[in-house]
file entry_12.txt (compact mmCIF, N, CA and C atoms)
# COMPACT_ATOMS: atom_id res chain seq x y z
N MET A 1 14.73 -4.12 -0.57
CA MET A 1 13.95 -2.92 -0.34
C MET A 1 12.54 -3.15 -0.89
N TYR A 2 11.56 -2.70 -0.16
CA TYR A 2 10.16 -2.83 -0.54
C TYR A 2 9.58 -1.46 -0.84
N THR A 3 8.75 -1.39 -1.86
CA THR A 3 7.94 -0.20 -2.08
C THR A 3 6.68 -0.40 -1.26
N ILE A 4 6.41 0.55 -0.39
CA ILE A 4 5.26 0.46 0.51
C ILE A 4 4.23 1.51 0.12
N VAL A 5 3.00 1.07 -0.06
CA VAL A 5 1.90 1.99 -0.34
C VAL A 5 0.98 1.96 0.88
N ILE A 6 0.80 3.11 1.50
CA ILE A 6 -0.11 3.21 2.65
C ILE A 6 -1.31 4.01 2.19
N ILE A 7 -2.46 3.36 2.20
CA ILE A 7 -3.71 4.02 1.83
C ILE A 7 -4.35 4.49 3.13
N TRP A 8 -4.34 5.79 3.34
CA TRP A 8 -4.89 6.35 4.58
C TRP A 8 -6.41 6.52 4.50
N ASP A 9 -6.90 7.00 3.35
CA ASP A 9 -8.33 7.22 3.17
C ASP A 9 -8.58 7.51 1.69
N SER A 10 -9.76 8.02 1.36
CA SER A 10 -10.11 8.23 -0.05
C SER A 10 -9.29 9.33 -0.73
N LYS A 11 -8.62 10.17 0.04
CA LYS A 11 -7.85 11.27 -0.55
C LYS A 11 -6.36 11.20 -0.29
N ASN A 12 -5.93 10.33 0.60
CA ASN A 12 -4.53 10.33 1.03
C ASN A 12 -3.89 8.96 0.87
N VAL A 13 -2.81 8.94 0.08
CA VAL A 13 -2.00 7.75 -0.14
C VAL A 13 -0.55 8.16 -0.01
N GLU A 14 0.24 7.31 0.59
CA GLU A 14 1.66 7.58 0.73
C GLU A 14 2.45 6.43 0.13
N VAL A 15 3.47 6.74 -0.66
CA VAL A 15 4.35 5.73 -1.23
C VAL A 15 5.74 5.98 -0.65
N THR A 16 6.32 4.93 -0.06
CA THR A 16 7.62 5.06 0.59
C THR A 16 8.42 3.78 0.37
N GLN A 17 9.62 3.73 0.90
CA GLN A 17 10.49 2.55 0.80
C GLN A 17 10.84 2.08 2.21
N TRP A 18 10.73 0.78 2.45
CA TRP A 18 11.13 0.18 3.72
C TRP A 18 12.04 -1.00 3.45
N GLU A 19 12.87 -1.32 4.42
CA GLU A 19 13.76 -2.49 4.32
C GLU A 19 12.98 -3.79 4.44
N GLU A 20 11.89 -3.76 5.20
CA GLU A 20 11.08 -4.95 5.45
C GLU A 20 9.61 -4.63 5.21
N ALA A 21 8.79 -5.68 5.20
CA ALA A 21 7.34 -5.51 5.08
C ALA A 21 6.67 -6.30 6.21
N PRO A 22 6.67 -5.73 7.42
CA PRO A 22 6.07 -6.45 8.56
C PRO A 22 4.56 -6.54 8.44
N MET A 23 3.97 -7.44 9.20
CA MET A 23 2.52 -7.60 9.18
C MET A 23 1.81 -6.37 9.76
N VAL A 24 2.35 -5.82 10.84
CA VAL A 24 1.77 -4.64 11.51
C VAL A 24 2.91 -3.72 11.91
N ILE A 25 2.68 -2.42 11.77
CA ILE A 25 3.69 -1.44 12.15
C ILE A 25 3.00 -0.13 12.55
N THR A 26 3.61 0.60 13.45
CA THR A 26 3.12 1.93 13.78
C THR A 26 3.87 2.91 12.89
N TRP A 27 3.13 3.67 12.09
CA TRP A 27 3.70 4.61 11.14
C TRP A 27 2.96 5.92 11.30
N LYS A 28 3.70 6.97 11.55
CA LYS A 28 3.12 8.30 11.77
C LYS A 28 2.03 8.26 12.84
N ASP A 29 2.36 7.59 13.94
CA ASP A 29 1.50 7.50 15.11
C ASP A 29 0.20 6.73 14.90
N ARG A 30 0.13 5.94 13.83
CA ARG A 30 -1.07 5.11 13.60
C ARG A 30 -0.62 3.70 13.30
N GLU A 31 -1.39 2.75 13.78
CA GLU A 31 -1.08 1.36 13.49
C GLU A 31 -1.67 1.01 12.13
N VAL A 32 -0.81 0.48 11.25
CA VAL A 32 -1.24 0.05 9.93
C VAL A 32 -0.86 -1.41 9.75
N SER A 33 -1.65 -2.12 8.97
CA SER A 33 -1.35 -3.53 8.76
C SER A 33 -1.31 -3.86 7.27
N LEU A 34 -0.55 -4.89 6.99
CA LEU A 34 -0.36 -5.37 5.63
C LEU A 34 -1.69 -5.92 5.11
N ARG A 35 -2.13 -5.42 3.96
CA ARG A 35 -3.39 -5.87 3.37
C ARG A 35 -3.19 -6.54 2.02
N ALA A 36 -2.08 -6.26 1.35
CA ALA A 36 -1.81 -6.90 0.05
C ALA A 36 -0.30 -6.99 -0.13
N GLY A 37 0.14 -8.14 -0.64
CA GLY A 37 1.55 -8.32 -0.93
C GLY A 37 2.31 -8.84 0.28
N PRO A 38 3.63 -8.75 0.22
CA PRO A 38 4.39 -8.17 -0.88
C PRO A 38 4.29 -9.04 -2.13
N ARG A 39 4.17 -8.33 -3.24
CA ARG A 39 4.10 -8.99 -4.54
C ARG A 39 5.14 -8.40 -5.46
N GLU A 40 5.60 -9.23 -6.37
CA GLU A 40 6.56 -8.79 -7.37
C GLU A 40 5.83 -7.93 -8.39
N ARG A 41 6.44 -6.82 -8.75
CA ARG A 41 5.86 -5.93 -9.75
C ARG A 41 6.97 -5.45 -10.66
N VAL A 42 6.71 -5.43 -11.96
CA VAL A 42 7.67 -4.90 -12.93
C VAL A 42 7.11 -3.58 -13.44
N ASP A 43 7.90 -2.51 -13.29
CA ASP A 43 7.41 -1.20 -13.70
C ASP A 43 7.55 -0.99 -15.21
N GLN A 44 7.19 0.18 -15.68
CA GLN A 44 7.21 0.50 -17.12
C GLN A 44 8.60 0.36 -17.73
N ASN A 45 9.62 0.52 -16.91
CA ASN A 45 11.00 0.45 -17.39
C ASN A 45 11.59 -0.95 -17.30
N GLY A 46 10.77 -1.91 -16.88
CA GLY A 46 11.23 -3.29 -16.78
C GLY A 46 11.95 -3.61 -15.48
N VAL A 47 11.91 -2.69 -14.52
CA VAL A 47 12.58 -2.89 -13.24
C VAL A 47 11.63 -3.63 -12.29
N ALA A 48 12.11 -4.76 -11.74
CA ALA A 48 11.29 -5.55 -10.82
C ALA A 48 11.50 -5.07 -9.39
N GLY A 49 10.45 -5.16 -8.61
CA GLY A 49 10.53 -4.81 -7.20
C GLY A 49 9.36 -5.41 -6.46
N LYS A 50 9.44 -5.38 -5.15
CA LYS A 50 8.35 -5.90 -4.32
C LYS A 50 7.52 -4.75 -3.78
N VAL A 51 6.20 -4.92 -3.86
CA VAL A 51 5.25 -3.89 -3.40
C VAL A 51 4.36 -4.50 -2.33
N ALA A 52 4.15 -3.73 -1.26
CA ALA A 52 3.24 -4.14 -0.19
C ALA A 52 2.30 -2.97 0.09
N VAL A 53 1.04 -3.31 0.37
CA VAL A 53 0.02 -2.28 0.60
C VAL A 53 -0.47 -2.38 2.04
N TYR A 54 -0.52 -1.22 2.71
CA TYR A 54 -0.94 -1.13 4.10
C TYR A 54 -2.15 -0.22 4.24
N LEU A 55 -2.91 -0.46 5.30
CA LEU A 55 -4.09 0.32 5.60
C LEU A 55 -4.20 0.45 7.12
N PRO A 56 -4.73 1.56 7.63
CA PRO A 56 -4.94 1.67 9.07
C PRO A 56 -5.81 0.51 9.57
N ASP A 57 -5.48 0.02 10.75
CA ASP A 57 -6.16 -1.15 11.30
C ASP A 57 -7.66 -0.98 11.48
N GLU A 58 -8.11 0.25 11.70
CA GLU A 58 -9.53 0.43 11.98
C GLU A 58 -10.42 0.27 10.74
N LEU A 59 -9.81 0.20 9.55
CA LEU A 59 -10.60 0.05 8.33
C LEU A 59 -10.82 -1.42 8.01
N THR A 60 -12.00 -1.74 7.51
CA THR A 60 -12.38 -3.13 7.23
C THR A 60 -11.84 -3.60 5.88
N GLU A 61 -11.97 -4.88 5.64
CA GLU A 61 -11.56 -5.45 4.35
C GLU A 61 -12.36 -4.84 3.21
N GLU A 62 -13.64 -4.61 3.42
CA GLU A 62 -14.48 -4.00 2.38
C GLU A 62 -14.00 -2.59 2.07
N GLU A 63 -13.66 -1.83 3.11
CA GLU A 63 -13.14 -0.49 2.91
C GLU A 63 -11.80 -0.54 2.17
N PHE A 64 -10.98 -1.53 2.50
CA PHE A 64 -9.71 -1.70 1.79
C PHE A 64 -9.96 -1.92 0.30
N GLN A 65 -10.86 -2.82 -0.03
CA GLN A 65 -11.15 -3.11 -1.43
C GLN A 65 -11.62 -1.85 -2.17
N GLU A 66 -12.48 -1.10 -1.55
CA GLU A 66 -12.98 0.14 -2.17
C GLU A 66 -11.88 1.17 -2.36
N LEU A 67 -11.07 1.37 -1.33
CA LEU A 67 -9.99 2.35 -1.42
C LEU A 67 -8.92 1.93 -2.41
N PHE A 68 -8.61 0.64 -2.43
CA PHE A 68 -7.63 0.13 -3.39
C PHE A 68 -8.10 0.42 -4.81
N ALA A 69 -9.35 0.08 -5.11
CA ALA A 69 -9.90 0.32 -6.45
C ALA A 69 -9.93 1.80 -6.78
N LEU A 70 -10.24 2.63 -5.81
CA LEU A 70 -10.29 4.07 -6.02
C LEU A 70 -8.93 4.64 -6.39
N HIS A 71 -7.88 4.18 -5.73
CA HIS A 71 -6.54 4.74 -5.94
C HIS A 71 -5.73 4.02 -7.02
N GLU A 72 -6.15 2.84 -7.41
CA GLU A 72 -5.36 2.04 -8.36
C GLU A 72 -5.07 2.77 -9.67
N LYS A 73 -6.03 3.53 -10.17
CA LYS A 73 -5.83 4.20 -11.46
C LYS A 73 -4.81 5.35 -11.39
N ASN A 74 -4.59 5.92 -10.19
CA ASN A 74 -3.68 7.06 -10.04
C ASN A 74 -2.34 6.72 -9.41
N ILE A 75 -2.22 5.58 -8.78
CA ILE A 75 -0.99 5.17 -8.10
C ILE A 75 -0.43 3.96 -8.84
N PRO A 76 0.59 4.14 -9.67
CA PRO A 76 1.11 3.02 -10.47
C PRO A 76 1.54 1.82 -9.63
N GLU A 77 2.04 2.05 -8.43
CA GLU A 77 2.49 0.95 -7.58
C GLU A 77 1.36 0.02 -7.17
N LEU A 78 0.13 0.49 -7.24
CA LEU A 78 -1.01 -0.37 -6.89
C LEU A 78 -1.42 -1.30 -8.01
N ARG A 79 -0.90 -1.09 -9.17
CA ARG A 79 -1.20 -1.98 -10.29
C ARG A 79 -0.30 -3.21 -10.16
N LEU A 80 -0.62 -4.04 -9.16
CA LEU A 80 0.22 -5.19 -8.83
C LEU A 80 0.25 -6.23 -9.93
N HIS A 81 -0.72 -6.21 -10.80
CA HIS A 81 -0.76 -7.17 -11.90
C HIS A 81 0.12 -6.73 -13.07
N SER A 82 0.67 -5.52 -13.02
CA SER A 82 1.49 -5.00 -14.11
C SER A 82 2.80 -5.74 -14.21
call {"tool": "encode", "arguments": {"input": "entry_12.txt", "output": "structure tokens"}}
result
Amino acid sequence: MYTIVIIWDSKNVEVTQWEEAPMVITWKDREVSLRAGPRERVDQNGVAGKVAVYLPDELTEEEFQELFALHEKNIPELRLHS
């Protein structure tokens, strides 16, 4: 099972669970693509899991970097280095 973080924009992030982490998928009628991961992450309780981050295809790599940094402090799953 993968923890999936979908960053929609500067105000909207969704965290869900998927069986797989495909490169591209249509989710909620929008095409999103894998931008980071899957990476191993250990949470505060010592539980390991795989996290993958997705973004709508129309957003650029620069926008991804900005949005990731913006949400990282509020979404624990984005702290992939933890």
call {"tool": "residues_around", "arguments": {"input": "entry_12.txt", "residues": "region 72-78 of chain A", "least_positions_apart": "3", "cutoff": "8 Å", "atoms": "only C-alpha atoms", "output": "JSON, numbers by chain"}}
result
{"A": [3, 5, 41, 51, 53, 68, 69]}
call {"tool": "atom_distance", "arguments": {"input": "entry_12.txt", "atom1": "atom C of Tyr54 (chain A)", "atom2": "atom N of Val42 (chain A)"}}
result
19.2 Å
call {"tool": "residues_around", "arguments": {"input": "entry_12.txt", "residues": "Ser33 (chain A)", "least_positions_apart": "5", "cutoff": "7 Å", "atoms": "only N, CA and C atoms", "output": "ChimeraX atom specification"}}
result
/A:22-25,53-57
call {"tool": "atom_distance", "arguments": {"input": "entry_12.txt", "atom1": "atom N of Gln17 (chain A)", "atom2": "atom C of Glu62 (chain A)"}}
result
24.5 Å
call {"tool": "select_by_dssp", "arguments": {"input": "entry_12.txt", "residues": "chain A", "states": "strand (DSSP E or B)", "output": "number ranges by chain"}}
result
A: 2-7, 13-18, 24-27, 30-42, 48-56
call {"tool": "write_last_selection", "arguments": {"input": "entry_12.txt", "atoms": "N, CA and C atoms", "output": "mmCIF file, in the frame of the given file"}}
result
data_model
loop_
_atom_site.group_PDB
_atom_site.id
_atom_site.type_symbol
_atom_site.label_atom_id
_atom_site.label_comp_id
_atom_site.auth_asym_id
_atom_site.auth_seq_id
_atom_site.Cartn_x
_atom_site.Cartn_y
_atom_site.Cartn_z
ATOM 1 N N TYR A 2 11.560 -2.700 -0.160
ATOM 2 C CA TYR A 2 10.160 -2.830 -0.540
ATOM 3 C C TYR A 2 9.580 -1.460 -0.840
ATOM 4 N N THR A 3 8.750 -1.390 -1.860
ATOM 5 C CA THR A 3 7.940 -0.200 -2.080
ATOM 6 C C THR A 3 6.680 -0.400 -1.260
ATOM 7 N N ILE A 4 6.410 0.550 -0.390
ATOM 8 C CA ILE A 4 5.260 0.460 0.510
ATOM 9 C C ILE A 4 4.230 1.510 0.120
ATOM 10 N N VAL A 5 3.000 1.070 -0.060
ATOM 11 C CA VAL A 5 1.900 1.990 -0.340
ATOM 12 C C VAL A 5 0.980 1.960 0.880
ATOM 13 N N ILE A 6 0.800 3.110 1.500
ATOM 14 C CA ILE A 6 -0.110 3.210 2.650
ATOM 15 C C ILE A 6 -1.310 4.010 2.190
ATOM 16 N N ILE A 7 -2.460 3.360 2.200
ATOM 17 C CA ILE A 7 -3.710 4.020 1.830
ATOM 18 C C ILE A 7 -4.350 4.490 3.130
ATOM 19 N N VAL A 13 -2.810 8.940 0.080
ATOM 20 C CA VAL A 13 -2.000 7.750 -0.140
ATOM 21 C C VAL A 13 -0.550 8.160 -0.010
ATOM 22 N N GLU A 14 0.240 7.310 0.590
ATOM 23 C CA GLU A 14 1.660 7.580 0.730
ATOM 24 C C GLU A 14 2.450 6.430 0.130
ATOM 25 N N VAL A 15 3.470 6.740 -0.660
ATOM 26 C CA VAL A 15 4.350 5.730 -1.230
ATOM 27 C C VAL A 15 5.740 5.980 -0.650
ATOM 28 N N THR A 16 6.320 4.930 -0.060
ATOM 29 C CA THR A 16 7.620 5.060 0.590
ATOM 30 C C THR A 16 8.420 3.780 0.370
ATOM 31 N N GLN A 17 9.620 3.730 0.900
ATOM 32 C CA GLN A 17 10.490 2.550 0.800
ATOM 33 C C GLN A 17 10.840 2.080 2.210
ATOM 34 N N TRP A 18 10.730 0.780 2.450
ATOM 35 C CA TRP A 18 11.130 0.180 3.720
ATOM 36 C C TRP A 18 12.040 -1.000 3.450
ATOM 37 N N VAL A 24 2.350 -5.820 10.840
ATOM 38 C CA VAL A 24 1.770 -4.640 11.510
ATOM 39 C C VAL A 24 2.910 -3.720 11.910
ATOM 40 N N ILE A 25 2.680 -2.420 11.770
ATOM 41 C CA ILE A 25 3.690 -1.440 12.150
ATOM 42 C C ILE A 25 3.000 -0.130 12.550
ATOM 43 N N THR A 26 3.610 0.600 13.450
ATOM 44 C CA THR A 26 3.120 1.930 13.780
ATOM 45 C C THR A 26 3.870 2.910 12.890
ATOM 46 N N TRP A 27 3.130 3.670 12.090
ATOM 47 C CA TRP A 27 3.700 4.610 11.140
ATOM 48 C C TRP A 27 2.960 5.920 11.300
ATOM 49 N N ARG A 30 0.130 5.940 13.830
ATOM 50 C CA ARG A 30 -1.070 5.110 13.600
ATOM 51 C C ARG A 30 -0.620 3.700 13.300
ATOM 52 N N GLU A 31 -1.390 2.750 13.780
ATOM 53 C CA GLU A 31 -1.080 1.360 13.490
ATOM 54 C C GLU A 31 -1.670 1.010 12.130
ATOM 55 N N VAL A 32 -0.810 0.480 11.250
ATOM 56 C CA VAL A 32 -1.240 0.050 9.930
ATOM 57 C C VAL A 32 -0.860 -1.410 9.750
ATOM 58 N N SER A 33 -1.650 -2.120 8.970
ATOM 59 C CA SER A 33 -1.350 -3.530 8.760
ATOM 60 C C SER A 33 -1.310 -3.860 7.270
ATOM 61 N N LEU A 34 -0.550 -4.890 6.990
ATOM 62 C CA LEU A 34 -0.360 -5.370 5.630
ATOM 63 C C LEU A 34 -1.690 -5.920 5.110
ATOM 64 N N ARG A 35 -2.130 -5.420 3.960
ATOM 65 C CA ARG A 35 -3.390 -5.870 3.370
ATOM 66 C C ARG A 35 -3.190 -6.540 2.020
ATOM 67 N N ALA A 36 -2.080 -6.260 1.350
ATOM 68 C CA ALA A 36 -1.810 -6.900 0.050
ATOM 69 C C ALA A 36 -0.300 -6.990 -0.130
ATOM 70 N N GLY A 37 0.140 -8.140 -0.640
ATOM 71 C CA GLY A 37 1.550 -8.320 -0.930
ATOM 72 C C GLY A 37 2.310 -8.840 0.280
ATOM 73 N N PRO A 38 3.630 -8.750 0.220
ATOM 74 C CA PRO A 38 4.390 -8.170 -0.880
ATOM 75 C C PRO A 38 4.290 -9.040 -2.130
ATOM 76 N N ARG A 39 4.170 -8.330 -3.240
ATOM 77 C CA ARG A 39 4.100 -8.990 -4.540
ATOM 78 C C ARG A 39 5.140 -8.400 -5.460
ATOM 79 N N GLU A 40 5.600 -9.230 -6.370
ATOM 80 C CA GLU A 40 6.560 -8.790 -7.370
ATOM 81 C C GLU A 40 5.830 -7.930 -8.390
ATOM 82 N N ARG A 41 6.440 -6.820 -8.750
ATOM 83 C CA ARG A 41 5.860 -5.930 -9.750
ATOM 84 C C ARG A 41 6.970 -5.450 -10.660
ATOM 85 N N VAL A 42 6.710 -5.430 -11.960
ATOM 86 C CA VAL A 42 7.670 -4.900 -12.930
ATOM 87 C C VAL A 42 7.110 -3.580 -13.440
ATOM 88 N N ALA A 48 12.110 -4.760 -11.740
ATOM 89 C CA ALA A 48 11.290 -5.550 -10.820
ATOM 90 C C ALA A 48 11.500 -5.070 -9.390
ATOM 91 N N GLY A 49 10.450 -5.160 -8.610
ATOM 92 C CA GLY A 49 10.530 -4.810 -7.200
ATOM 93 C C GLY A 49 9.360 -5.410 -6.460
ATOM 94 N N LYS A 50 9.440 -5.380 -5.150
ATOM 95 C CA LYS A 50 8.350 -5.900 -4.320
ATOM 96 C C LYS A 50 7.520 -4.750 -3.780
ATOM 97 N N VAL A 51 6.200 -4.920 -3.860
ATOM 98 C CA VAL A 51 5.250 -3.890 -3.400
ATOM 99 C C VAL A 51 4.360 -4.500 -2.330
ATOM 100 N N ALA A 52 4.150 -3.730 -1.260
ATOM 101 C CA ALA A 52 3.240 -4.140 -0.190
ATOM 102 C C ALA A 52 2.300 -2.970 0.090
ATOM 103 N N VAL A 53 1.040 -3.310 0.370
ATOM 104 C CA VAL A 53 0.020 -2.280 0.600
ATOM 105 C C VAL A 53 -0.470 -2.380 2.040
ATOM 106 N N TYR A 54 -0.520 -1.220 2.710
ATOM 107 C CA TYR A 54 -0.940 -1.130 4.100
ATOM 108 C C TYR A 54 -2.150 -0.220 4.240
ATOM 109 N N LEU A 55 -2.910 -0.460 5.300
ATOM 110 C CA LEU A 55 -4.090 0.320 5.600
ATOM 111 C C LEU A 55 -4.200 0.450 7.120
ATOM 112 N N PRO A 56 -4.730 1.560 7.630
ATOM 113 C CA PRO A 56 -4.940 1.670 9.070
ATOM 114 C C PRO A 56 -5.810 0.510 9.570
#
call {"tool": "closest_residue", "arguments": {"input": "entry_12.txt", "among": "A:Arg79, A:His71, A:Tyr2, A:Leu59", "to": "Val32 (chain A)", "atoms": "only C-alpha atoms"}}
result
A:Leu59
call {"tool": "closest_residue", "arguments": {"input": "entry_12.txt", "among": "A:Asp9, A:Glu58, A:Glu14, A:Glu66", "to": "Glu31 (chain A)", "atoms": "only C-alpha atoms"}}
result
A:Glu58
call {"tool": "atom_distance", "arguments": {"input": "entry_12.txt", "atom1": "atom N of Glu61 (chain A)", "atom2": "atom N of Ile4 (chain A)"}}
result
20.1 Å
call {"tool": "residues_around", "arguments": {"input": "entry_12.txt", "residues": "Arg39 (chain A)", "least_positions_apart": "4", "cutoff": "6.5 Å", "atoms": "all atoms listed in the file", "output": "list in words"}}
result
Gly49, Lys50, Val51 and Ala52 of chain A
call {"tool": "axis_aligned_box", "arguments": {"input": "entry_12.txt", "around": "region 29-48 of chain A", "padding_each_side": "6 Å", "output": "JSON"}}
result
{"center_x": 4.6, "center_y": -0.8, "center_z": -1.3, "size_x": 28.0, "size_y": 28.8, "size_z": 44.8}
call {"tool": "closest_residue", "arguments": {"input": "entry_12.txt", "among": "A:Met1, A:Val13, A:Val47, A:Ile6", "to": "Thr26 (chain A)", "atoms": "only C-alpha atoms"}}
result
A:Ile6
call {"tool": "decode", "arguments": {"input": "entry_12.txt", "residues": "region 17-26 of chain A", "atoms": "all heavy atoms", "output": "compact mmCIF listing (two decimals), in the first residue's frame"}}
result
# COMPACT_ATOMS: atom_id res chain seq x y z
N GLN A 17 -4.68 6.52 0.01
CA GLN A 17 -3.94 5.26 -0.07
C GLN A 17 -4.29 4.57 -1.39
O GLN A 17 -5.46 4.49 -1.75
CB GLN A 17 -4.34 4.34 1.09
CG GLN A 17 -4.05 4.90 2.46
CD GLN A 17 -2.59 4.87 2.80
OE1 GLN A 17 -1.90 3.89 2.56
NE2 GLN A 17 -2.09 5.96 3.36
N TRP A 18 -3.27 4.09 -2.10
CA TRP A 18 -3.46 3.33 -3.32
C TRP A 18 -2.65 2.05 -3.24
O TRP A 18 -1.62 1.99 -2.56
CB TRP A 18 -2.99 4.10 -4.55
CG TRP A 18 -3.76 5.34 -4.89
CD1 TRP A 18 -4.96 5.75 -4.37
CD2 TRP A 18 -3.39 6.34 -5.83
NE1 TRP A 18 -5.35 6.94 -4.94
CE2 TRP A 18 -4.41 7.32 -5.84
CE3 TRP A 18 -2.30 6.50 -6.68
CZ2 TRP A 18 -4.36 8.44 -6.66
CZ3 TRP A 18 -2.26 7.62 -7.50
CH2 TRP A 18 -3.28 8.58 -7.49
N GLU A 19 -3.08 1.04 -3.98
CA GLU A 19 -2.35 -0.23 -4.05
C GLU A 19 -1.06 -0.09 -4.85
O GLU A 19 -0.10 -0.81 -4.60
CB GLU A 19 -3.23 -1.31 -4.69
CG GLU A 19 -4.39 -1.75 -3.81
CD GLU A 19 -3.94 -2.53 -2.58
OE1 GLU A 19 -2.95 -3.26 -2.65
OE2 GLU A 19 -4.61 -2.38 -1.54
N GLU A 20 -1.06 0.81 -5.82
CA GLU A 20 0.09 1.01 -6.70
C GLU A 20 0.41 2.49 -6.80
O GLU A 20 -0.40 3.33 -6.39
CB GLU A 20 -0.21 0.46 -8.09
CG GLU A 20 -0.50 -1.02 -8.12
CD GLU A 20 -0.86 -1.51 -9.52
OE1 GLU A 20 -1.09 -0.67 -10.42
OE2 GLU A 20 -0.90 -2.72 -9.70
N ALA A 21 1.55 2.80 -7.40
CA ALA A 21 1.94 4.19 -7.65
C ALA A 21 2.32 4.32 -9.12
O ALA A 21 3.50 4.34 -9.48
CB ALA A 21 3.10 4.59 -6.74
N PRO A 22 1.31 4.41 -10.01
CA PRO A 22 1.60 4.50 -11.44
C PRO A 22 2.23 5.84 -11.81
O PRO A 22 2.13 6.80 -11.05
CB PRO A 22 0.23 4.35 -12.08
CG PRO A 22 -0.72 4.86 -11.05
CD PRO A 22 -0.11 4.49 -9.72
N MET A 23 2.84 5.89 -12.98
CA MET A 23 3.46 7.14 -13.43
C MET A 23 2.41 8.22 -13.71
O MET A 23 2.62 9.37 -13.40
CB MET A 23 4.29 6.90 -14.70
CG MET A 23 5.53 6.06 -14.45
SD MET A 23 6.68 6.81 -13.29
CE MET A 23 7.20 8.23 -14.20
N VAL A 24 1.29 7.83 -14.32
CA VAL A 24 0.21 8.76 -14.66
C VAL A 24 -1.11 8.07 -14.36
O VAL A 24 -1.26 6.87 -14.61
CB VAL A 24 0.26 9.16 -16.16
CG1 VAL A 24 -0.90 10.08 -16.52
CG2 VAL A 24 1.58 9.81 -16.51
N ILE A 25 -2.06 8.84 -13.84
CA ILE A 25 -3.39 8.29 -13.54
C ILE A 25 -4.42 9.41 -13.63
O ILE A 25 -4.10 10.57 -13.40
CB ILE A 25 -3.41 7.63 -12.15
CG1 ILE A 25 -4.72 6.86 -11.92
CG2 ILE A 25 -3.16 8.64 -11.05
CD1 ILE A 25 -4.69 5.94 -10.70
N THR A 26 -5.63 9.06 -14.00
CA THR A 26 -6.73 10.01 -13.96
C THR A 26 -7.40 9.86 -12.60
O THR A 26 -7.84 8.76 -12.24
CB THR A 26 -7.74 9.76 -15.09
OG1 THR A 26 -7.05 9.90 -16.34
CG2 THR A 26 -8.89 10.75 -15.03
